[in-house]
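> File follows, start02.cif with mmCIF, C-alpha atoms and all ligand atoms; chains and numbers go by the auth columns:
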data_final
#
loop_
_atom_site.group_PDB
_atom_site.id
_atom_site.type_symbol
_atom_site.label_atom_id
_atom_site.label_comp_id
_atom_site.label_asym_id
_atom_site.label_seq_id
_atom_site.Cartn_x
_atom_site.Cartn_y
_atom_site.Cartn_z
_atom_site.B_iso_or_equiv
_atom_site.auth_seq_id
_atom_site.auth_asym_id
ATOM 1 C CA MET A 1 18.177 14.581 2.188 0.00 30 A
ATOM 2 C CA ARG A 2 17.183 11.044 3.038 0.00 31 A
ATOM 3 C CA ARG A 3 14.197 9.839 1.045 0.00 32 A
ATOM 4 C CA PRO A 4 11.538 8.526 3.420 0.00 33 A
ATOM 5 C CA MET A 5 10.465 4.924 3.059 0.00 34 A
ATOM 6 C CA VAL A 6 7.395 3.011 4.152 0.00 35 A
ATOM 7 C CA ALA A 7 7.737 -0.767 4.044 0.00 36 A
ATOM 8 C CA GLY A 8 4.853 -3.154 4.653 0.00 37 A
ATOM 9 C CA ASN A 9 5.727 -6.428 6.360 0.00 38 A
ATOM 10 C CA TRP A 10 2.751 -8.682 5.712 0.00 39 A
ATOM 11 C CA LYS A 11 4.229 -11.465 7.863 0.00 40 A
ATOM 12 C CA MET A 12 2.396 -14.803 7.426 0.00 41 A
ATOM 13 C CA ASN A 13 -0.855 -13.299 6.178 0.00 42 A
ATOM 14 C CA GLY A 14 -2.841 -13.248 2.986 0.00 43 A
ATOM 15 C CA THR A 15 -4.446 -15.386 0.324 0.00 44 A
ATOM 16 C CA GLN A 16 -3.889 -14.572 -3.342 0.00 45 A
ATOM 17 C CA ALA A 17 -7.265 -12.822 -3.397 0.00 46 A
ATOM 18 C CA GLU A 18 -6.470 -10.741 -0.297 0.00 47 A
ATOM 19 C CA ALA A 19 -3.070 -9.842 -1.680 0.00 48 A
ATOM 20 C CA ALA A 20 -4.621 -8.783 -4.992 0.00 49 A
ATOM 21 C CA ALA A 21 -7.083 -6.506 -3.205 0.00 50 A
ATOM 22 C CA LEU A 22 -4.323 -5.025 -1.064 0.00 51 A
ATOM 23 C CA VAL A 23 -1.939 -4.378 -3.948 0.00 52 A
ATOM 24 C CA GLY A 24 -4.747 -3.014 -6.125 0.00 53 A
ATOM 25 C CA GLY A 25 -5.895 -0.679 -3.356 0.00 54 A
ATOM 26 C CA ILE A 26 -2.367 0.611 -2.712 0.00 55 A
ATOM 27 C CA GLU A 27 -1.820 1.244 -6.421 0.00 56 A
ATOM 28 C CA GLN A 28 -5.053 3.192 -6.667 0.00 57 A
ATOM 29 C CA GLY A 29 -4.343 5.370 -3.666 0.00 58 A
ATOM 30 C CA LEU A 30 -0.765 6.292 -4.498 0.00 59 A
ATOM 31 C CA ALA A 31 -1.557 9.652 -6.049 0.00 60 A
ATOM 32 C CA GLY A 32 -1.622 11.292 -2.609 0.00 61 A
ATOM 33 C CA VAL A 33 1.812 9.930 -1.708 0.00 62 A
ATOM 34 C CA ARG A 34 4.425 12.333 -2.940 0.00 63 A
ATOM 35 C CA HIS A 35 8.000 11.234 -2.712 0.00 64 A
ATOM 36 C CA ALA A 36 8.136 8.424 -0.160 0.00 65 A
ATOM 37 C CA GLU A 37 9.491 5.131 -1.422 0.00 66 A
ATOM 38 C CA ILE A 38 6.922 2.354 -0.913 0.00 67 A
ATOM 39 C CA LEU A 39 7.818 -1.307 -0.470 0.00 68 A
ATOM 40 C CA VAL A 40 5.711 -4.378 0.292 0.00 69 A
ATOM 41 C CA CYS A 41 7.126 -7.608 1.707 0.00 70 A
ATOM 42 C CA PRO A 42 4.665 -10.473 1.121 0.00 71 A
ATOM 43 C CA PRO A 43 5.178 -14.061 2.276 0.00 72 A
ATOM 44 C CA TYR A 44 7.507 -15.946 -0.105 0.00 73 A
ATOM 45 C CA ILE A 45 4.702 -17.828 -1.821 0.00 74 A
ATOM 46 C CA LEU A 46 2.955 -14.610 -2.835 0.00 75 A
ATOM 47 C CA VAL A 47 6.092 -12.941 -4.205 0.00 76 A
ATOM 48 C CA PRO A 48 5.603 -14.174 -7.812 0.00 77 A
ATOM 49 C CA VAL A 49 2.032 -12.859 -8.122 0.00 78 A
ATOM 50 C CA VAL A 50 2.848 -9.608 -6.343 0.00 79 A
ATOM 51 C CA ALA A 51 5.808 -9.182 -8.703 0.00 80 A
ATOM 52 C CA GLU A 52 3.502 -9.646 -11.661 0.00 81 A
ATOM 53 C CA TRP A 53 0.905 -7.186 -10.351 0.00 82 A
ATOM 54 C CA LEU A 54 3.449 -4.538 -9.408 0.00 83 A
ATOM 55 C CA SER A 55 5.563 -4.753 -12.511 0.00 84 A
ATOM 56 C CA GLY A 56 5.970 -1.176 -13.788 0.00 85 A
ATOM 57 C CA SER A 57 4.576 0.305 -10.559 0.00 86 A
ATOM 58 C CA ARG A 58 6.460 2.729 -8.311 0.00 87 A
ATOM 59 C CA VAL A 59 5.801 0.275 -5.459 0.00 88 A
ATOM 60 C CA THR A 60 8.663 -2.171 -5.041 0.00 89 A
ATOM 61 C CA TRP A 61 8.570 -5.572 -3.342 0.00 90 A
ATOM 62 C CA GLY A 62 10.883 -7.600 -1.169 0.00 91 A
ATOM 63 C CA GLY A 63 11.286 -10.696 0.984 0.00 92 A
ATOM 64 C CA GLN A 64 10.761 -11.097 4.726 0.00 93 A
ATOM 65 C CA ASN A 65 13.759 -13.369 5.159 0.00 94 A
ATOM 66 C CA LEU A 66 16.368 -15.270 3.139 0.00 95 A
ATOM 67 C CA SER A 67 18.818 -18.098 3.604 0.00 96 A
ATOM 68 C CA ALA A 68 22.398 -17.267 4.489 0.00 97 A
ATOM 69 C CA HIS A 69 23.411 -19.894 1.899 0.00 98 A
ATOM 70 C CA LYS A 70 23.609 -19.486 -1.856 0.00 99 A
ATOM 71 C CA SER A 71 21.960 -22.775 -2.937 0.00 100 A
ATOM 72 C CA GLY A 72 21.944 -26.498 -2.216 0.00 101 A
ATOM 73 C CA ALA A 73 20.574 -28.977 0.286 0.00 102 A
ATOM 74 C CA TYR A 74 18.628 -26.624 2.582 0.00 103 A
ATOM 75 C CA THR A 75 15.083 -27.988 2.497 0.00 104 A
ATOM 76 C CA GLY A 76 12.439 -25.325 2.894 0.00 105 A
ATOM 77 C CA GLU A 77 14.786 -22.389 2.441 0.00 106 A
ATOM 78 C CA ILE A 78 14.790 -19.560 -0.113 0.00 107 A
ATOM 79 C CA SER A 79 17.975 -17.867 -1.312 0.00 108 A
ATOM 80 C CA GLY A 80 18.654 -14.245 -2.079 0.00 109 A
ATOM 81 C CA SER A 81 19.194 -15.007 -5.764 0.00 110 A
ATOM 82 C CA MET A 82 15.733 -16.601 -5.921 0.00 111 A
ATOM 83 C CA LEU A 83 14.252 -13.399 -4.508 0.00 112 A
ATOM 84 C CA ARG A 84 16.204 -11.402 -7.086 0.00 113 A
ATOM 85 C CA ASP A 85 14.907 -13.703 -9.814 0.00 114 A
ATOM 86 C CA PHE A 86 11.390 -12.559 -8.878 0.00 115 A
ATOM 87 C CA GLY A 87 12.299 -8.879 -8.900 0.00 116 A
ATOM 88 C CA CYS A 88 12.726 -8.292 -5.171 0.00 117 A
ATOM 89 C CA SER A 89 14.765 -5.183 -4.427 0.00 118 A
ATOM 90 C CA HIS A 90 14.912 -5.514 -0.622 0.00 119 A
ATOM 91 C CA VAL A 91 14.802 -8.154 2.074 0.00 120 A
ATOM 92 C CA ILE A 92 14.120 -7.891 5.799 0.00 121 A
ATOM 93 C CA VAL A 93 16.837 -9.480 7.930 0.00 122 A
ATOM 94 C CA GLY A 94 16.885 -10.116 11.652 0.00 123 A
ATOM 95 C CA HIS A 95 13.242 -9.350 12.354 0.00 124 A
ATOM 96 C CA SER A 96 12.657 -9.900 16.074 0.00 125 A
ATOM 97 C CA GLU A 97 10.243 -12.744 15.306 0.00 126 A
ATOM 98 C CA ARG A 98 13.033 -14.537 13.405 0.00 127 A
ATOM 99 C CA ARG A 99 15.461 -13.882 16.241 0.00 128 A
ATOM 100 C CA ALA A 100 13.048 -14.992 18.976 0.00 129 A
ATOM 101 C CA LEU A 101 11.055 -17.796 17.319 0.00 130 A
ATOM 102 C CA TYR A 102 13.642 -19.241 14.930 0.00 131 A
ATOM 103 C CA GLY A 103 16.762 -18.753 16.982 0.00 132 A
ATOM 104 C CA GLU A 104 18.555 -16.377 14.638 0.00 133 A
ATOM 105 C CA SER A 105 21.674 -15.117 16.381 0.00 134 A
ATOM 106 C CA ASP A 106 23.428 -11.820 15.716 0.00 135 A
ATOM 107 C CA GLN A 107 25.959 -13.824 13.702 0.00 136 A
ATOM 108 C CA THR A 108 23.284 -15.518 11.564 0.00 137 A
ATOM 109 C CA VAL A 109 21.631 -12.172 10.932 0.00 138 A
ATOM 110 C CA ALA A 110 24.973 -10.702 9.884 0.00 139 A
ATOM 111 C CA GLU A 111 25.522 -13.601 7.469 0.00 140 A
ATOM 112 C CA LYS A 112 22.051 -13.112 5.979 0.00 141 A
ATOM 113 C CA PHE A 113 22.767 -9.402 5.622 0.00 142 A
ATOM 114 C CA ARG A 114 25.920 -10.200 3.676 0.00 143 A
ATOM 115 C CA ALA A 115 24.171 -12.873 1.590 0.00 144 A
ATOM 116 C CA ALA A 116 21.507 -10.331 0.618 0.00 145 A
ATOM 117 C CA GLN A 117 24.025 -7.722 -0.473 0.00 146 A
ATOM 118 C CA SER A 118 26.063 -10.271 -2.389 0.00 147 A
ATOM 119 C CA VAL A 119 23.163 -10.705 -4.831 0.00 148 A
ATOM 120 C CA GLY A 120 22.194 -7.039 -4.976 0.00 149 A
ATOM 121 C CA LEU A 121 19.336 -7.051 -2.468 0.00 150 A
ATOM 122 C CA VAL A 122 19.137 -4.129 -0.051 0.00 151 A
ATOM 123 C CA PRO A 123 18.863 -5.576 3.454 0.00 152 A
ATOM 124 C CA ILE A 124 16.521 -3.963 5.964 0.00 153 A
ATOM 125 C CA LEU A 125 18.291 -4.822 9.197 0.00 154 A
ATOM 126 C CA CYS A 126 15.958 -4.986 12.206 0.00 155 A
ATOM 127 C CA VAL A 127 17.280 -4.219 15.664 0.00 156 A
ATOM 128 C CA GLY A 128 15.491 -3.655 18.937 0.00 157 A
ATOM 129 C CA GLU A 129 15.267 -4.524 22.609 0.00 158 A
ATOM 130 C CA THR A 130 12.720 -6.559 24.562 0.00 159 A
ATOM 131 C CA LEU A 131 10.687 -5.058 27.373 0.00 160 A
ATOM 132 C CA ALA A 132 12.891 -6.691 30.002 0.00 161 A
ATOM 133 C CA GLU A 133 15.977 -5.255 28.328 0.00 162 A
ATOM 134 C CA ARG A 134 14.449 -1.767 28.214 0.00 163 A
ATOM 135 C CA GLU A 135 13.436 -1.988 31.854 0.00 164 A
ATOM 136 C CA ALA A 136 16.974 -3.038 32.727 0.00 165 A
ATOM 137 C CA SER A 137 18.273 0.046 30.841 0.00 166 A
ATOM 138 C CA GLN A 138 19.896 -2.236 28.274 0.00 167 A
ATOM 139 C CA THR A 139 18.334 -0.716 25.149 0.00 168 A
ATOM 140 C CA GLU A 140 21.495 0.888 23.791 0.00 169 A
ATOM 141 C CA THR A 141 23.687 -2.070 24.717 0.00 170 A
ATOM 142 C CA VAL A 142 21.406 -4.499 22.875 0.00 171 A
ATOM 143 C CA VAL A 143 20.964 -2.323 19.797 0.00 172 A
ATOM 144 C CA ALA A 144 24.715 -1.672 19.642 0.00 173 A
ATOM 145 C CA ARG A 145 25.458 -5.397 19.874 0.00 174 A
ATOM 146 C CA GLN A 146 23.002 -6.229 17.062 0.00 175 A
ATOM 147 C CA LEU A 147 24.377 -3.441 14.877 0.00 176 A
ATOM 148 C CA ASP A 148 28.045 -4.143 15.595 0.00 177 A
ATOM 149 C CA ALA A 149 27.718 -7.815 14.622 0.00 178 A
ATOM 150 C CA VAL A 150 26.698 -6.760 11.114 0.00 179 A
ATOM 151 C CA VAL A 151 29.260 -3.988 10.764 0.00 180 A
ATOM 152 C CA LYS A 152 32.000 -6.327 11.968 0.00 181 A
ATOM 153 C CA LEU A 153 31.188 -8.896 9.282 0.00 182 A
ATOM 154 C CA ALA A 154 30.130 -6.656 6.392 0.00 183 A
ATOM 155 C CA GLY A 155 32.102 -3.459 7.081 0.00 184 A
ATOM 156 C CA ILE A 156 30.826 0.087 7.544 0.00 185 A
ATOM 157 C CA ALA A 157 30.743 0.761 3.782 0.00 186 A
ATOM 158 C CA ALA A 158 28.084 -1.955 3.470 0.00 187 A
ATOM 159 C CA MET A 159 25.710 0.222 5.477 0.00 188 A
ATOM 160 C CA ASP A 160 25.583 2.553 2.488 0.00 189 A
ATOM 161 C CA ASN A 161 23.511 -0.089 0.718 0.00 190 A
ATOM 162 C CA ALA A 162 21.281 -0.979 3.599 0.00 191 A
ATOM 163 C CA ILE A 163 18.417 0.268 5.709 0.00 192 A
ATOM 164 C CA VAL A 164 18.098 -0.137 9.459 0.00 193 A
ATOM 165 C CA ALA A 165 14.745 -0.598 11.200 0.00 194 A
ATOM 166 C CA TYR A 166 14.545 0.105 14.910 0.00 195 A
ATOM 167 C CA GLU A 167 11.772 -2.104 16.231 0.00 196 A
ATOM 168 C CA PRO A 168 11.392 -2.310 19.992 0.00 197 A
ATOM 169 C CA VAL A 169 10.104 -5.843 20.556 0.00 198 A
ATOM 170 C CA TRP A 170 7.590 -4.633 23.165 0.00 199 A
ATOM 171 C CA ALA A 171 5.961 -2.394 20.550 0.00 200 A
ATOM 172 C CA ILE A 172 5.530 -5.022 17.824 0.00 201 A
ATOM 173 C CA GLY A 173 1.943 -6.109 17.352 0.00 202 A
ATOM 174 C CA THR A 174 1.060 -4.921 20.845 0.00 203 A
ATOM 175 C CA GLY A 175 -0.627 -1.615 20.028 0.00 204 A
ATOM 176 C CA ARG A 176 1.929 -0.031 22.348 0.00 205 A
ATOM 177 C CA THR A 177 4.020 2.336 20.236 0.00 206 A
ATOM 178 C CA ALA A 178 7.270 3.896 21.384 0.00 207 A
ATOM 179 C CA THR A 179 6.735 7.597 21.934 0.00 208 A
ATOM 180 C CA PRO A 180 8.293 9.768 19.232 0.00 209 A
ATOM 181 C CA GLU A 181 10.898 10.843 21.822 0.00 210 A
ATOM 182 C CA GLN A 182 11.754 7.259 22.818 0.00 211 A
ATOM 183 C CA ALA A 183 12.125 6.246 19.183 0.00 212 A
ATOM 184 C CA GLN A 184 14.087 9.350 18.209 0.00 213 A
ATOM 185 C CA SER A 185 16.526 8.787 21.036 0.00 214 A
ATOM 186 C CA VAL A 186 17.389 5.249 19.822 0.00 215 A
ATOM 187 C CA HIS A 187 17.517 6.343 16.173 0.00 216 A
ATOM 188 C CA ALA A 188 19.965 9.117 17.102 0.00 217 A
ATOM 189 C CA PHE A 189 22.005 6.581 19.063 0.00 218 A
ATOM 190 C CA ILE A 190 22.204 4.248 16.035 0.00 219 A
ATOM 191 C CA ARG A 191 23.282 7.081 13.752 0.00 220 A
ATOM 192 C CA ALA A 192 25.866 8.347 16.227 0.00 221 A
ATOM 193 C CA ARG A 193 27.313 4.868 16.709 0.00 222 A
ATOM 194 C CA LEU A 194 27.795 4.408 12.964 0.00 223 A
ATOM 195 C CA ALA A 195 29.109 7.957 12.633 0.00 224 A
ATOM 196 C CA GLN A 196 32.065 6.934 14.786 0.00 225 A
ATOM 197 C CA LEU A 197 33.103 4.783 11.815 0.00 226 A
ATOM 198 C CA SER A 198 31.870 6.963 8.971 0.00 227 A
ATOM 199 C CA ALA A 199 30.030 10.248 9.335 0.00 228 A
ATOM 200 C CA THR A 200 29.001 10.183 5.667 0.00 229 A
ATOM 201 C CA VAL A 201 27.539 6.686 5.783 0.00 230 A
ATOM 202 C CA ALA A 202 25.698 7.472 9.022 0.00 231 A
ATOM 203 C CA GLU A 203 24.231 10.672 7.613 0.00 232 A
ATOM 204 C CA ARG A 204 22.947 8.928 4.481 0.00 233 A
ATOM 205 C CA LEU A 205 21.549 5.847 6.244 0.00 234 A
ATOM 206 C CA ARG A 206 17.789 5.541 6.412 0.00 235 A
ATOM 207 C CA ILE A 207 16.549 4.383 9.798 0.00 236 A
ATOM 208 C CA LEU A 208 12.922 3.244 9.885 0.00 237 A
ATOM 209 C CA TYR A 209 10.820 2.882 13.007 0.00 238 A
ATOM 210 C CA GLY A 210 8.622 -0.190 13.454 0.00 239 A
ATOM 211 C CA GLY A 211 6.222 -1.268 16.181 0.00 240 A
ATOM 212 C CA SER A 212 2.489 -0.514 16.157 0.00 241 A
ATOM 213 C CA VAL A 213 2.755 2.305 13.622 0.00 242 A
ATOM 214 C CA LYS A 214 -0.737 3.417 12.597 0.00 243 A
ATOM 215 C CA ALA A 215 -2.218 6.271 10.634 0.00 244 A
ATOM 216 C CA ALA A 216 -2.905 8.000 13.957 0.00 245 A
ATOM 217 C CA ASN A 217 0.717 8.079 15.175 0.00 246 A
ATOM 218 C CA ALA A 218 2.740 7.999 11.930 0.00 247 A
ATOM 219 C CA GLN A 219 3.059 11.722 11.373 0.00 248 A
ATOM 220 C CA GLN A 220 4.461 12.422 14.834 0.00 249 A
ATOM 221 C CA LEU A 221 6.957 9.582 14.563 0.00 250 A
ATOM 222 C CA PHE A 222 8.070 10.504 11.052 0.00 251 A
ATOM 223 C CA GLY A 223 8.438 14.125 12.124 0.00 252 A
ATOM 224 C CA GLN A 224 11.443 13.224 14.279 0.00 253 A
ATOM 225 C CA PRO A 225 14.796 14.224 12.792 0.00 254 A
ATOM 226 C CA ASP A 226 16.308 10.716 12.722 0.00 255 A
ATOM 227 C CA ILE A 227 13.186 8.745 11.769 0.00 256 A
ATOM 228 C CA ASP A 228 13.162 8.225 8.014 0.00 257 A
ATOM 229 C CA GLY A 229 9.961 6.236 7.641 0.00 258 A
ATOM 230 C CA GLY A 230 8.463 3.041 8.968 0.00 259 A
ATOM 231 C CA LEU A 231 8.354 -0.729 8.823 0.00 260 A
ATOM 232 C CA ILE A 232 4.689 -1.530 9.176 0.00 261 A
ATOM 233 C CA GLY A 233 3.221 -4.868 10.250 0.00 262 A
ATOM 234 C CA GLY A 234 -0.480 -5.087 11.119 0.00 263 A
ATOM 235 C CA ALA A 235 -1.441 -1.751 9.573 0.00 264 A
ATOM 236 C CA SER A 236 0.132 -2.744 6.243 0.00 265 A
ATOM 237 C CA LEU A 237 -2.706 -5.252 5.729 0.00 266 A
ATOM 238 C CA ASP A 238 -5.308 -2.476 5.652 0.00 267 A
ATOM 239 C CA VAL A 239 -5.275 -0.410 2.467 0.00 268 A
ATOM 240 C CA GLU A 240 -6.579 2.815 4.009 0.00 269 A
ATOM 241 C CA GLU A 241 -4.323 2.644 7.064 0.00 270 A
ATOM 242 C CA PHE A 242 -1.277 1.813 4.975 0.00 271 A
ATOM 243 C CA LEU A 243 -1.945 4.608 2.494 0.00 272 A
ATOM 244 C CA ALA A 244 -2.456 7.105 5.299 0.00 273 A
ATOM 245 C CA ILE A 245 0.909 6.063 6.760 0.00 274 A
ATOM 246 C CA CYS A 246 2.511 6.457 3.304 0.00 275 A
ATOM 247 C CA ARG A 247 1.051 9.943 3.014 0.00 276 A
ATOM 248 C CA ALA A 248 2.375 10.828 6.469 0.00 277 A
ATOM 249 C CA ALA A 249 5.862 9.866 5.263 0.00 278 A
ATOM 250 C CA GLY A 250 5.693 11.352 1.840 0.00 279 A
HETATM 251 P P1 LIG B . 3.408 -4.094 13.857 0.00 301 A
HETATM 252 O O1 LIG B . 4.681 -4.920 13.351 0.00 301 A
HETATM 253 O O2 LIG B . 3.306 -2.853 12.994 0.00 301 A
HETATM 254 O O3 LIG B . 2.235 -5.011 13.663 0.00 301 A
HETATM 255 O O4 LIG B . 3.659 -3.756 15.280 0.00 301 A
HETATM 256 C C1 LIG B . 5.853 -4.278 12.921 0.00 301 A
HETATM 257 C C2 LIG B . 6.862 -5.307 12.475 0.00 301 A
HETATM 258 O O5 LIG B . 6.917 -6.394 13.058 0.00 301 A
HETATM 259 O O6 LIG B . 7.631 -5.081 11.510 0.00 301 A
#
Using structure tokens, write down the structure from this file.

Amino acid sequence: MRRPMVAGNWKMNGTQAEAAALVGGIEQGLAGVRHAEILVCPPYILVPVVAEWLSGSRVTWGGQNLSAHKSGAYTGEISGSMLRDFGCSHVIVGHSERRALYGESDQTVAEKFRAAQSVGLVPILCVGETLAEREASQTETVVARQLDAVVKLAGIAAMDNAIVAYEPVWAIGTGRTATPEQAQSVHAFIRARLAQLSATVAERLRILYGGSVKAANAQQLFGQPDIDGGLIGGASLDVEEFLAICRAAG
């Protein structure tokens, strides 16, 4: 059985005070969440305080991005080992906002994926098509290309220590969620594609759905056979919404 996971991607949001209220609220409401694994991904600058607040908690924390490089003259960048130094267990790689706004190519994303694993971080690899690509019936082609770039560089065995998040770009922050059937169909495609290389790895891999997940639609999405939880943006900034989503998964 794959253990469900709910990961909160705070994006570029939150003061220290807001983060403290959010983390405190999540901690207090966890009793109703049975076995789902809960992760929060704050902006880099909040990682140290979040790490302090969550030390000893069942909630883990991670980064939203990392450098593909180990260390050195890369002004403004943060390495995987720095995230590890502050107790991060996971890191998001290849979020569509990084791909679209910061020009991250499939190759860059693959290198970041490998950099994360090389220091013991579990990468959460985001894949997903734009609206134009979906309308041109390119969804599977795009997702396959994004996935294959990582598998080509890191190898299929590396997927055993990774999580994939299917996030259709048209559903992110738009309030327009993929239907459970639309999401399930892409999740099943991802699993089947990896199963061509290793049935065991594919079966064990957790595939999260992301894109306008809310308390109101979480249960239906998570009820699909190949959806193993969610990567939550906007709704992860609201304690009650986030907890309700965690309960739906757990
Ligand atoms: P959203 O974002 O839940 O606000 O749509 C999801 C994401 O970008 O990970």
> Could you check the closest approach to ligand LIG 301 (chain A) for each of A:Arg63, A:Arg163, A:Arg222, A:Lys40 and tell me which residue wins, using all atoms listed in the file?
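Residue with the minimum atom-to-atom distance to ligand LIG 301 (chain A): A:Lys40.
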> To one decimal place, how far is CA of Val52 (chain A) from CA of Thr89 (chain A) in Å?
10.9 Å
> My list of candidates is A:Ala178, A:Ile261, A:Cys117, A:Ala186. Which is closest to Cys275 (chain A) when distances are computed with all atoms listed in the file?
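That would be A:Ile261, the residue with the smallest distance to Cys275 (chain A).
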> How would you report the residues lying within 9 Å of ligand LIG 301 (chain A), as a PyMOL selection string, if you count all atoms listed in the file?
chain A and resi 36-40+124-126+155+194+196+198-206+238-243+259-265
> With distances taken over all atoms listed in the file, which of A:Gly61, A:Gly279, A:Gly123, A:Pro254 is nearest to Glu140 (chain A)?
A:Gly123
> Which polymer residues have any atom within 8 Å of an atom of Val79 (chain A), counting only C-alpha atoms, with same-chain residues fewer than 3 positions away left out, as a PyMOL selection string?
chain A and resi 48-49+52+71+75-76+82-83+90
> With C-alpha atoms retained, export the selected residues as a JSON list (two decimals), keeping the file's coordinate frame.

[["chain", "number", "residue", "atom", "x", "y", "z"],
["A", 48, "ALA", "CA", -3.07, -9.84, -1.68],
["A", 49, "ALA", "CA", -4.62, -8.78, -4.99],
["A", 52, "VAL", "CA", -1.94, -4.38, -3.95],
["A", 71, "PRO", "CA", 4.66, -10.47, 1.12],
["A", 75, "LEU", "CA", 2.96, -14.61, -2.84],
["A", 76, "VAL", "CA", 6.09, -12.94, -4.20],
["A", 82, "TRP", "CA", 0.90, -7.19, -10.35],
["A", 83, "LEU", "CA", 3.45, -4.54, -9.41],
["A", 90, "TRP", "CA", 8.57, -5.57, -3.34]]
> Given the choices A:Gln211, A:Asn94, A:Gln225, A:Gln57, which gets closest to Gln249 (chain A) if the distance is worked out from all atoms listed in the file?
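For Gln249 (chain A), the nearest of the candidates is A:Gln211.
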> If you apply the PyMOL selection byres (((chain A and resi 56) around 12) and not hetatm) to this file, what residues do you get, as a VMD selection string?
chain A and resid 49 to 55 57 to 62 67 to 69 79 82 to 89 268 to 269 271 to 272 275
> To one decimal place in Å, what is the distance between CA of Gln136 (chain A) and CA of Ala224 (chain A)?
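Pair CA of Gln136 (chain A) / CA of Ala224 (chain A) returns 22.0 Å.
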> What gap, in Å, lies between CA of Cys70 (chain A) and CA of Ile153 (chain A)?
10.9 Å
> Select, from A:Thr159, A:Gln253, A:Thr137, A:Ser118, the residue with the minimum atom-to-atom distance to Glu66 (chain A), counting only C-alpha atoms.
A:Ser118
> Under the rule that only C-alpha atoms are counted, which of A:Leu130, A:Ile274, A:Ile107, A:Val151 is the nearest residue to Val193 (chain A)?
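Smallest distance to Val193 (chain A) is found for A:Val151.
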> Do you know which residues the PyMOL selection byres (((chain A and resi 232) around 12) and not hetatm) returns on this file, as a PDB file with C-alpha atoms, in the frame of the given file?

ATOM      1  CA  MET A  30      18.177  14.581   2.188  1.00  0.00           C
ATOM      2  CA  ARG A  31      17.183  11.044   3.038  1.00  0.00           C
ATOM      3  CA  MET A 188      25.710   0.222   5.477  1.00  0.00           C
ATOM      4  CA  ASP A 189      25.583   2.553   2.488  1.00  0.00           C
ATOM      5  CA  HIS A 216      17.517   6.343  16.173  1.00  0.00           C
ATOM      6  CA  ALA A 217      19.965   9.117  17.102  1.00  0.00           C
ATOM      7  CA  ILE A 219      22.204   4.248  16.035  1.00  0.00           C
ATOM      8  CA  ARG A 220      23.282   7.081  13.752  1.00  0.00           C
ATOM      9  CA  ALA A 221      25.866   8.347  16.227  1.00  0.00           C
ATOM     10  CA  ARG A 222      27.313   4.868  16.709  1.00  0.00           C
ATOM     11  CA  LEU A 223      27.795   4.408  12.964  1.00  0.00           C
ATOM     12  CA  ALA A 224      29.109   7.957  12.633  1.00  0.00           C
ATOM     13  CA  GLN A 225      32.065   6.934  14.786  1.00  0.00           C
ATOM     14  CA  LEU A 226      33.103   4.783  11.815  1.00  0.00           C
ATOM     15  CA  SER A 227      31.870   6.963   8.971  1.00  0.00           C
ATOM     16  CA  ALA A 228      30.030  10.248   9.335  1.00  0.00           C
ATOM     17  CA  THR A 229      29.001  10.183   5.667  1.00  0.00           C
ATOM     18  CA  VAL A 230      27.539   6.686   5.783  1.00  0.00           C
ATOM     19  CA  ALA A 231      25.698   7.472   9.022  1.00  0.00           C
ATOM     20  CA  ARG A 233      22.947   8.928   4.481  1.00  0.00           C
ATOM     21  CA  LEU A 234      21.549   5.847   6.244  1.00  0.00           C
ATOM     22  CA  ARG A 235      17.789   5.541   6.412  1.00  0.00           C
ATOM     23  CA  ILE A 236      16.549   4.383   9.798  1.00  0.00           C
ATOM     24  CA  PRO A 254      14.796  14.224  12.792  1.00  0.00           C
ATOM     25  CA  ASP A 255      16.308  10.716  12.722  1.00  0.00           C
ATOM     26  CA  ILE A 256      13.186   8.745  11.769  1.00  0.00           C
ATOM     27  CA  ASP A 257      13.162   8.225   8.014  1.00  0.00           C
TER      28      ASP A 257
END
> Hey, can I get the axis-aligned box for region 38-42 of chain A? All listed atoms, 4 Å padding on each side, centre and edge lengths in Å to one decimal, as lines of an AutoDock Vina configuration file.

center_x = 2.4
center_y = -10.6
center_z = 6.8
size_x = 14.6
size_y = 16.4
size_z = 10.2
